[in-house]
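Read the structure below first, then the notes.
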Amino acid sequence: MRILGIDPGTMVLGYGVIDSHGDTITLVTYEALKCRSRSSMGERLFFLYKSLCEVIKEYSPDEIAIETPFVAENARTALAIGKAQAIALLAAASFSIPAFEYSPTAIKYNTASYGASSKAQVQEMVRLQLNLREVPAPADCADALAAAICHLRQSHLNNLTGGREK
């Protein structure tokens with residue numbers, strides 16, 4: 001199974017692609033899509049949409065995992081991230097690829113086995129699980145890969161339980 005993980009943002013959107021074969025997870029690629037700071041919101045969202053469509057065409061993921069915004073921290077930031085999240089969902093739908101959304105807590109739990117893990121702990125677990133020499137940078141890429149790993153773990157759990165969640 002090939003999974004595209006996305007850490008949405010309207011200035012920087014991180015993505016990462018992993019392959020899963022049995023118990024083995026392999027890194028395919030990761031990158032950060034960076035928007036021009038002086039671009040309007042519409043221009044940034046259009047750039048992100050076009051870029052994600054190109055990523056989907058190039059890597060042909062089977063499923064897409066998207067991190068949802070954490071609202072309690074800053075509502076204005078959460079709204080902006082929500083716009084990028086919507087673009088990721090639209091790109092997935094444009095190619096009829098199933099998209100799944102995960103909260104930051106779910107991603108931390110499924111990646112580092114603890115829902116209150118620090119960002120550094122999650123990044124280190126991404127590095128270890130993908131057998132990388134260094135933590136993927138920028139952090140948006142590590143977060144996107146964590147979303148992909150989270151989805152993989154959740155998919156395996158759903159398969160084991162016949163699709164019934166806890």
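Ligands are numbered from 1 in the order shown, chains are lettered A, B, ... in the order of the structure tokens, and residues start at 1 in each chain.
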Inset, instruction - Find the residues near Ala80 of chain A: any atom within 10 Å, counting only C-alpha atoms, skip ones fewer than 5 places away on the same chain, and give them as a list in words. - result: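 Everything that qualifies: Pro8, Gly9, Thr10, Met11, Met41, Pro69, Ala75 and Gln85 of chain A.
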Inset, instruction - Would you list the contacts of Cys35 of chain A as a list in words, taking every protein, DNA or RNA residue within 10 Å and counting only C-alpha atoms, but skipping same-chain residues closer than 2 positions in sequence? - result: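 The residues that qualify are Gly9, Thr10, Met11, Val12, Leu13, Ala32, Leu33, Ser37, Arg38, Ser39, Ser40, Met41, Glu43, Arg44, Leu45, Phe47 and Leu48 of chain A.
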Legend entry - 12 Å contact set for Ala120 of chain A, only C-alpha atoms, chain neighbours under 4 positions out, as a PyMOL selection string: chain A and resi 108+111-112+116+124-127+135-137+139+142-143+146
Could you turn the residues from that selection into a file that holds N, CA and C atoms, as an mmCIF file, in the first residue's frame?
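Below is the file part30.cif, written as the result:
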data_model
loop_
_atom_site.group_PDB
_atom_site.id
_atom_site.type_symbol
_atom_site.label_atom_id
_atom_site.label_comp_id
_atom_site.auth_asym_id
_atom_site.auth_seq_id
_atom_site.Cartn_x
_atom_site.Cartn_y
_atom_site.Cartn_z
ATOM 1 N N LYS A 108 0.201 11.368 17.030
ATOM 2 C CA LYS A 108 1.235 11.140 18.054
ATOM 3 C C LYS A 108 1.098 9.745 18.648
ATOM 4 N N THR A 111 2.075 6.991 16.078
ATOM 5 C CA THR A 111 3.471 7.056 15.653
ATOM 6 C C THR A 111 4.429 6.795 16.805
ATOM 7 N N ALA A 112 4.146 7.396 17.964
ATOM 8 C CA ALA A 112 5.073 7.316 19.096
ATOM 9 C C ALA A 112 4.491 6.572 20.303
ATOM 10 N N ALA A 116 0.471 12.358 23.936
ATOM 11 C CA ALA A 116 1.001 13.665 24.350
ATOM 12 C C ALA A 116 2.498 13.755 24.079
ATOM 13 N N GLU A 124 11.564 11.786 15.963
ATOM 14 C CA GLU A 124 12.547 10.712 16.161
ATOM 15 C C GLU A 124 11.927 9.350 15.854
ATOM 16 N N MET A 125 10.681 9.147 16.205
ATOM 17 C CA MET A 125 10.018 7.884 15.893
ATOM 18 C C MET A 125 9.818 7.722 14.380
ATOM 19 N N VAL A 126 9.542 8.816 13.694
ATOM 20 C CA VAL A 126 9.458 8.765 12.231
ATOM 21 C C VAL A 126 10.808 8.343 11.671
ATOM 22 N N ARG A 127 11.876 8.944 12.172
ATOM 23 C CA ARG A 127 13.228 8.605 11.713
ATOM 24 C C ARG A 127 13.517 7.122 11.937
ATOM 25 N N VAL A 135 16.359 13.072 11.013
ATOM 26 C CA VAL A 135 14.942 13.423 11.047
ATOM 27 C C VAL A 135 14.626 14.205 9.775
ATOM 28 N N PRO A 136 13.534 13.867 9.084
ATOM 29 C CA PRO A 136 13.168 14.623 7.887
ATOM 30 C C PRO A 136 12.951 16.107 8.209
ATOM 31 N N ALA A 137 13.473 16.958 7.357
ATOM 32 C CA ALA A 137 13.337 18.406 7.549
ATOM 33 C C ALA A 137 12.783 19.009 6.263
ATOM 34 N N ALA A 139 10.223 20.363 9.584
ATOM 35 C CA ALA A 139 9.326 19.631 10.482
ATOM 36 C C ALA A 139 8.004 19.281 9.809
ATOM 37 N N ALA A 142 8.309 15.823 8.385
ATOM 38 C CA ALA A 142 8.260 14.783 9.420
ATOM 39 C C ALA A 142 6.819 14.599 9.898
ATOM 40 N N ASP A 143 6.091 15.704 10.041
ATOM 41 C CA ASP A 143 4.692 15.627 10.463
ATOM 42 C C ASP A 143 3.834 14.926 9.407
ATOM 43 N N ALA A 146 4.545 11.301 9.646
ATOM 44 C CA ALA A 146 3.875 10.774 10.846
ATOM 45 C C ALA A 146 2.395 10.521 10.557
#
Inset, instruction - Extract the full set of helix (DSSP H, G or I) residues from segment 14-134 of chain A according to DSSP on the backbone, and format it as a PyMOL selection string. - result: chain A and resi 41-59+75-94+104-112+119-129
With C-alpha atoms retained, export the selected residues as a short mmCIF file (atom, residue, chain, number, x, y, z; two decimals), in the first residue's frame.
data_model
loop_
_atom_site.label_atom_id
_atom_site.label_comp_id
_atom_site.auth_asym_id
_atom_site.auth_seq_id
_atom_site.Cartn_x
_atom_site.Cartn_y
_atom_site.Cartn_z
CA MET A 41 -4.73 33.35 -0.04
CA GLY A 42 -6.40 32.37 -3.30
CA GLU A 43 -3.06 32.21 -5.13
CA ARG A 44 -1.52 30.10 -2.34
CA LEU A 45 -4.45 27.67 -2.29
CA PHE A 46 -4.35 27.32 -6.07
CA PHE A 47 -0.59 26.68 -5.95
CA LEU A 48 -1.08 24.03 -3.27
CA TYR A 49 -3.89 22.36 -5.21
CA LYS A 50 -1.91 22.22 -8.46
CA SER A 51 1.21 21.00 -6.64
CA LEU A 52 -0.66 18.27 -4.73
CA CYS A 53 -2.28 17.10 -7.96
CA GLU A 54 1.20 16.79 -9.49
CA VAL A 55 2.40 14.81 -6.45
CA ILE A 56 -0.61 12.48 -6.72
CA LYS A 57 0.01 11.95 -10.45
CA GLU A 58 3.70 11.23 -9.88
CA TYR A 59 3.45 8.90 -6.87
CA ALA A 75 -8.42 29.92 15.99
CA ARG A 76 -7.12 32.13 13.16
CA THR A 77 -4.27 29.71 12.42
CA ALA A 78 -6.65 26.75 12.61
CA LEU A 79 -8.94 28.38 10.04
CA ALA A 80 -6.03 28.96 7.66
CA ILE A 81 -4.82 25.38 8.10
CA GLY A 82 -8.40 24.22 7.52
CA LYS A 83 -8.30 25.87 4.10
CA ALA A 84 -5.16 23.92 3.20
CA GLN A 85 -6.76 20.78 4.59
CA ALA A 86 -9.76 21.34 2.32
CA ILE A 87 -7.42 21.70 -0.67
CA ALA A 88 -5.80 18.35 0.22
CA LEU A 89 -9.25 16.73 0.42
CA LEU A 90 -10.20 18.28 -2.93
CA ALA A 91 -7.00 17.00 -4.57
CA ALA A 92 -7.69 13.49 -3.24
CA ALA A 93 -11.29 13.62 -4.47
CA SER A 94 -10.11 14.83 -7.90
CA PRO A 104 -2.55 15.59 16.14
CA THR A 105 -3.19 13.41 19.21
CA ALA A 106 -4.08 10.38 17.08
CA ILE A 107 -0.97 10.89 14.96
CA LYS A 108 1.23 11.14 18.05
CA TYR A 109 -0.35 8.03 19.56
CA ASN A 110 -0.07 5.92 16.42
CA THR A 111 3.47 7.06 15.65
CA ALA A 112 5.07 7.32 19.10
CA LYS A 119 7.18 17.09 18.43
CA ALA A 120 10.80 15.94 18.82
CA GLN A 121 9.70 12.49 20.04
CA VAL A 122 7.37 12.04 17.08
CA GLN A 123 10.07 13.18 14.65
CA GLU A 124 12.55 10.71 16.16
CA MET A 125 10.02 7.88 15.89
CA VAL A 126 9.46 8.77 12.23
CA ARG A 127 13.23 8.60 11.71
CA LEU A 128 13.49 5.23 13.46
CA GLN A 129 10.46 3.64 11.80
#
Legend entry - Within 10 Å of Arg2 of chain A using only C-alpha atoms, minus same-chain residues under 4 positions, as a PyMOL selection string: chain A and resi 17-21+25-28+59-64+148+152
So which residues of segment 25-158 of chain A fall under strand (DSSP E or B) by DSSP, listed as a PDB file with N, CA and C atoms, in the first residue's frame?
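Writing done, so here's selection39.pdb:
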ATOM      1  N   ILE A  25       7.970  -0.755   6.369  1.00  0.00           N
ATOM      2  CA  ILE A  25       7.599   0.570   5.876  1.00  0.00           C
ATOM      3  C   ILE A  25       8.828   1.160   5.186  1.00  0.00           C
ATOM      4  N   THR A  26       8.628   1.677   3.989  1.00  0.00           N
ATOM      5  CA  THR A  26       9.721   2.250   3.217  1.00  0.00           C
ATOM      6  C   THR A  26       9.389   3.687   2.821  1.00  0.00           C
ATOM      7  N   LEU A  27      10.355   4.562   2.994  1.00  0.00           N
ATOM      8  CA  LEU A  27      10.195   5.939   2.546  1.00  0.00           C
ATOM      9  C   LEU A  27      10.313   5.998   1.027  1.00  0.00           C
ATOM     10  N   VAL A  28       9.387   6.693   0.403  1.00  0.00           N
ATOM     11  CA  VAL A  28       9.452   6.925  -1.039  1.00  0.00           C
ATOM     12  C   VAL A  28      10.014   8.328  -1.276  1.00  0.00           C
ATOM     13  N   THR A  29       9.391   9.337  -0.662  1.00  0.00           N
ATOM     14  CA  THR A  29       9.845  10.714  -0.821  1.00  0.00           C
ATOM     15  C   THR A  29       9.163  11.612   0.200  1.00  0.00           C
ATOM     16  N   TYR A  30       9.697  12.792   0.358  1.00  0.00           N
ATOM     17  CA  TYR A  30       9.030  13.847   1.130  1.00  0.00           C
ATOM     18  C   TYR A  30       9.538  15.186   0.642  1.00  0.00           C
ATOM     19  N   GLU A  31       8.693  16.203   0.861  1.00  0.00           N
ATOM     20  CA  GLU A  31       9.059  17.558   0.439  1.00  0.00           C
ATOM     21  C   GLU A  31       8.109  18.552   1.103  1.00  0.00           C
ATOM     22  N   ALA A  32       8.527  19.792   1.123  1.00  0.00           N
ATOM     23  CA  ALA A  32       7.685  20.878   1.611  1.00  0.00           C
ATOM     24  C   ALA A  32       7.342  21.784   0.435  1.00  0.00           C
ATOM     25  N   LEU A  33       6.047  22.028   0.256  1.00  0.00           N
ATOM     26  CA  LEU A  33       5.587  22.968  -0.755  1.00  0.00           C
ATOM     27  C   LEU A  33       5.535  24.333  -0.094  1.00  0.00           C
ATOM     28  N   LYS A  34       6.321  25.274  -0.593  1.00  0.00           N
ATOM     29  CA  LYS A  34       6.414  26.594   0.035  1.00  0.00           C
ATOM     30  C   LYS A  34       5.785  27.648  -0.864  1.00  0.00           C
ATOM     31  N   GLU A  63      -3.974   5.691  -0.768  1.00  0.00           N
ATOM     32  CA  GLU A  63      -4.773   6.422   0.213  1.00  0.00           C
ATOM     33  C   GLU A  63      -3.999   7.651   0.677  1.00  0.00           C
ATOM     34  N   ILE A  64      -4.739   8.607   1.224  1.00  0.00           N
ATOM     35  CA  ILE A  64      -4.125   9.857   1.679  1.00  0.00           C
ATOM     36  C   ILE A  64      -4.514  10.105   3.128  1.00  0.00           C
ATOM     37  N   ALA A  65      -3.527  10.476   3.945  1.00  0.00           N
ATOM     38  CA  ALA A  65      -3.746  10.788   5.355  1.00  0.00           C
ATOM     39  C   ALA A  65      -3.436  12.262   5.576  1.00  0.00           C
ATOM     40  N   ILE A  66      -4.375  12.967   6.206  1.00  0.00           N
ATOM     41  CA  ILE A  66      -4.249  14.415   6.389  1.00  0.00           C
ATOM     42  C   ILE A  66      -4.398  14.753   7.865  1.00  0.00           C
ATOM     43  N   GLU A  67      -3.471  15.551   8.376  1.00  0.00           N
ATOM     44  CA  GLU A  67      -3.584  16.012   9.753  1.00  0.00           C
ATOM     45  C   GLU A  67      -4.640  17.102   9.834  1.00  0.00           C
ATOM     46  N   ALA A  99      -9.412   9.601   1.314  1.00  0.00           N
ATOM     47  CA  ALA A  99      -8.646  10.474   2.206  1.00  0.00           C
ATOM     48  C   ALA A  99      -9.156  10.286   3.629  1.00  0.00           C
ATOM     49  N   PHE A 100      -8.226  10.274   4.574  1.00  0.00           N
ATOM     50  CA  PHE A 100      -8.542  10.065   5.981  1.00  0.00           C
ATOM     51  C   PHE A 100      -7.916  11.191   6.781  1.00  0.00           C
ATOM     52  N   GLU A 101      -8.676  11.687   7.761  1.00  0.00           N
ATOM     53  CA  GLU A 101      -8.204  12.802   8.566  1.00  0.00           C
ATOM     54  C   GLU A 101      -7.902  12.317   9.981  1.00  0.00           C
ATOM     55  N   TYR A 102      -6.778  12.805  10.534  1.00  0.00           N
ATOM     56  CA  TYR A 102      -6.349  12.400  11.865  1.00  0.00           C
ATOM     57  C   TYR A 102      -5.975  13.623  12.691  1.00  0.00           C
TER      58      TYR A 102
END
Inset, instruction - Please indicate the distance in Å from atom CA of Cys141 of chain A to atom CA of Leu4 of chain A, rounded to one decimal place. - result: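 Straight-line distance from atom CA of Cys141 of chain A to atom CA of Leu4 of chain A works out to 11.2 Å.
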Inset, instruction - Work out how far apart atom CA of Ala147 of chain A and atom CA of Gly5 of chain A are and give it in Å to one decimal. - result: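 Computing it gives 5.2 Å between the two atoms.
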